[in-house]
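Structure, as structure tokens:
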Amino acid sequence: MGLTDSEDVQLVLFSLFLLIYLITVLGNAGMVLLIRLDPHLHTSMYFFLSHLSFLDFCYSTAITPKTLENLVRSTRYISFGGCFTQLYFFISLCGTECFLLSSMAYDRYVAICRPLQYPVVMSMTFCRTLITVSYVIGFSDSFIVVFCITTLHFCKSHVIHHFFCDSTPILTLSCTDTHDIEILIFILAGSTLIVSLLTIFVSYVFILLTILKMNSTSGKRKAFSTCASHLLGVTIFFGTTIFTYLKPSKSYSLGKDQVASVFYTIVIPMLNPLIYSLRNKDVKQALIRVMQKRGVPGI
């Protein structure tokens, strides 16, 4: 398994991925810590955002360290148990993030379309319920998929033509019929995407209609600004996921799919903290307050 056999390219990729991973860890861990430390960020929106950062941290950690190890080793390998453990957490975290992003869209819908009811509807109890359901569905779907794949017989080559253990490259190694499992994966992945995207789409249709009815230009600008970061994150995440997975395994392309996989497993977890914080005044002000409380010089 791996990305390339060229030592020069491996060195460049190792340096690049290591830098990205360090930014990912610092950005997402910092976001979680900041939201926990600043009372002004103890709202439903930032509650969801802290879980998104946690998922991105775990998501990247499930893939990147092993990828970095294989880039500097002459013999690139992963154990049978390690491979399926990586696959399990990858699918679990990916599915959970889909439902989390849809929950964040619903939160924005309530905030903009039903502002007077927002504190009651998006209570902390309801938010925790949404988060719990997201995790339960994501990890349950992953267990079903991984369990079914482990029942296959692998008598072909043990070389995985990918840089991590993903379902499609693993299925190509099986010497038994994988049609039923491919259908199962398609149904589970498709239903997750449909439910998530439908929730997001409907939420933003109502948000758009509400914004268009606003008379205040500043109110429209504020509403659009509130949703812009989430929309960008949704577009990047779901765009690459759909491109990679909602197609038959026979159309699997090593080069194109690896590029897309690098983007959503390594790059996107780094981008999310930047997307949700760079244009967010609440986060910037919270960071200043926390640093002042800690007595950081120059703040």
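By convention here, the chains of the structure tokens are called A, B, ... in the order presented, each chain's residues are numbered starting at 1, and ligands are numbered starting at 1 in the order presented.
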
Using only C-alpha atoms, I'd like a table of the residues in range 139-235 of chain A that come within 9 Å of range 261-275 of chain A; for each, show the closest atom pair and its distance in Å rounded to one decimal, ordered by chain and ascending number, as JSON lines.
```
{"residue": "A:Phe163", "atom": "CA", "partner": "A:Val262", "partner_atom": "CA", "distance": 8.7}
{"residue": "A:Ser229", "atom": "CA", "partner": "A:Ile275", "partner_atom": "CA", "distance": 5.8}
{"residue": "A:His230", "atom": "CA", "partner": "A:Ile275", "partner_atom": "CA", "distance": 8.2}
{"residue": "A:Leu232", "atom": "CA", "partner": "A:Ile275", "partner_atom": "CA", "distance": 7.8}
{"residue": "A:Gly233", "atom": "CA", "partner": "A:Asn272", "partner_atom": "CA", "distance": 6.6}
```

task = From a DSSP pass on the backbone, collect the residues of range 26-254 of chain A flagged as helix (DSSP H, G or I) and hand them back as an MDAnalysis selection string.
result = chainID A and resid 26:37 39:41 44:72 80:113 115:121 124:150 167:171 179:213 217:245 249:251 254

If you count only C-alpha atoms, which residues fall within 6 Å of range 84-101 of chain A, apart from same-chain ones fewer than 6 positions away, as a tab-separated table (two decimals) with C-alpha atoms, in the first residue's frame?
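For reference, part_23.tsv as written:
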```
chain	number	residue	atom	x	y	z
A	134	SER	CA	-25.13	10.71	14.64
A	135	TYR	CA	-22.46	8.65	16.39
A	138	GLY	CA	-22.23	6.14	11.90
A	139	PHE	CA	-20.57	3.47	14.04
A	142	SER	CA	-19.51	0.84	9.83
A	165	CYS	CA	-7.50	0.58	3.91
A	166	ASP	CA	-10.62	1.62	2.06
A	196	SER	CA	-27.92	14.21	5.21
```

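Pairwise distance (CA of Ile236 in chain A, CA of Leu49 in chain A) equals 16.3 Å.
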
Could you name the residues that touch Phe201 in chain A at 10 Å or less, counting only C-alpha atoms, but leaving out those on the same chain fewer than 6 positions away, as an mmCIF file with all heavy atoms, in the first residue's frame?
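Wrote around_7.cif, looks like this:
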```
data_model
loop_
_atom_site.group_PDB
_atom_site.id
_atom_site.type_symbol
_atom_site.label_atom_id
_atom_site.label_comp_id
_atom_site.auth_asym_id
_atom_site.auth_seq_id
_atom_site.Cartn_x
_atom_site.Cartn_y
_atom_site.Cartn_z
ATOM 1 N N SER A 102 -25.464 17.759 8.775
ATOM 2 C CA SER A 102 -26.900 17.998 8.583
ATOM 3 C C SER A 102 -27.524 18.595 9.852
ATOM 4 O O SER A 102 -28.425 19.444 9.772
ATOM 5 C CB SER A 102 -27.616 16.707 8.180
ATOM 6 O OG SER A 102 -27.558 15.740 9.208
ATOM 7 N N ALA A 105 -26.797 22.221 9.839
ATOM 8 C CA ALA A 105 -27.669 22.934 8.905
ATOM 9 C C ALA A 105 -29.029 23.204 9.552
ATOM 10 O O ALA A 105 -29.596 24.299 9.414
ATOM 11 C CB ALA A 105 -27.845 22.122 7.624
ATOM 12 N N TYR A 106 -29.557 22.216 10.264
ATOM 13 C CA TYR A 106 -30.838 22.392 10.947
ATOM 14 C C TYR A 106 -30.719 23.464 12.038
ATOM 15 O O TYR A 106 -31.637 24.269 12.226
ATOM 16 C CB TYR A 106 -31.292 21.071 11.566
ATOM 17 C CG TYR A 106 -32.606 21.166 12.301
ATOM 18 C CD1 TYR A 106 -33.810 21.290 11.599
ATOM 19 C CD2 TYR A 106 -32.648 21.172 13.692
ATOM 20 C CE1 TYR A 106 -35.015 21.404 12.273
ATOM 21 C CE2 TYR A 106 -33.860 21.288 14.378
ATOM 22 C CZ TYR A 106 -35.037 21.398 13.664
ATOM 23 O OH TYR A 106 -36.230 21.514 14.323
ATOM 24 N N VAL A 195 -30.142 11.212 3.217
ATOM 25 C CA VAL A 195 -30.760 11.797 4.413
ATOM 26 C C VAL A 195 -30.033 13.079 4.812
ATOM 27 O O VAL A 195 -30.666 14.109 5.111
ATOM 28 C CB VAL A 195 -30.754 10.786 5.579
ATOM 29 C CG1 VAL A 195 -31.198 11.469 6.876
ATOM 30 C CG2 VAL A 195 -31.668 9.605 5.273
ATOM 31 N N ILE A 207 -33.956 28.762 4.700
ATOM 32 C CA ILE A 207 -33.080 29.868 5.097
ATOM 33 C C ILE A 207 -33.035 30.936 4.007
ATOM 34 O O ILE A 207 -33.147 32.135 4.281
ATOM 35 C CB ILE A 207 -31.649 29.346 5.399
ATOM 36 C CG1 ILE A 207 -31.638 28.552 6.708
ATOM 37 C CG2 ILE A 207 -30.655 30.499 5.471
ATOM 38 C CD1 ILE A 207 -30.329 27.845 6.986
#
```

request  = Find the residues around Ile160 in chain A up to 12 Å (only C-alpha atoms counted), leave out those fewer than 6 positions away in its own chain, and share them as a ChimeraX atom specification.
outcome  = /A:1-3,76-80,83,154,166-174,254

request  = Counting only C-alpha atoms, figure out which residue out of A:Ile112, A:Val120, A:Ile185, A:Leu152 gets nearest to Ser225 in chain A.
outcome  = A:Ile112

key: Å distance separating CA of Arg73 in chain A from CA of Phe17 in chain A, one decimal place   = 15.1 Å

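Remark: for Thr176 in chain A, the closest of the candidate residues A:Leu198, A:Leu193, A:Met291, A:Ile149 is A:Ile149 (distances computed over only C-alpha atoms).
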
All residues 12 Å or closer to Ser50 in chain A, only C-alpha atoms, same chain fewer than 4 positions away omitted, as a ChimeraX atom specification = /A:27-37,41-46,54-57,97,100,104,131,272-273,276-277,283

Any idea what's packed within 10 Å of Phe206 in chain A, counting only C-alpha atoms, ignoring anything in its chain fewer than 3 positions away? Could you give it as an mmCIF file with C-alpha atoms, in the first residue's frame?
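Below is the file that was written, selection.cif:
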```cif
data_model
loop_
_atom_site.group_PDB
_atom_site.id
_atom_site.type_symbol
_atom_site.label_atom_id
_atom_site.label_comp_id
_atom_site.auth_asym_id
_atom_site.auth_seq_id
_atom_site.Cartn_x
_atom_site.Cartn_y
_atom_site.Cartn_z
ATOM 1 C CA TYR A 109 -32.368 26.940 9.981
ATOM 2 C CA VAL A 110 -33.833 27.332 13.470
ATOM 3 C CA ILE A 112 -32.513 32.236 11.143
ATOM 4 C CA CYS A 113 -36.081 31.110 10.440
ATOM 5 C CA PHE A 201 -30.970 21.176 1.192
ATOM 6 C CA VAL A 202 -34.383 21.678 2.808
ATOM 7 C CA SER A 203 -32.848 23.695 5.658
ATOM 8 C CA LEU A 209 -36.548 32.198 1.535
ATOM 9 C CA THR A 210 -36.333 33.819 4.971
ATOM 10 C CA ILE A 211 -33.285 35.906 4.006
ATOM 11 C CA LEU A 212 -34.979 37.154 0.827
#
```

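Between CA of Phe48 in chain A and CA of Cys127 in chain A the interatomic distance comes to 7.8 Å.
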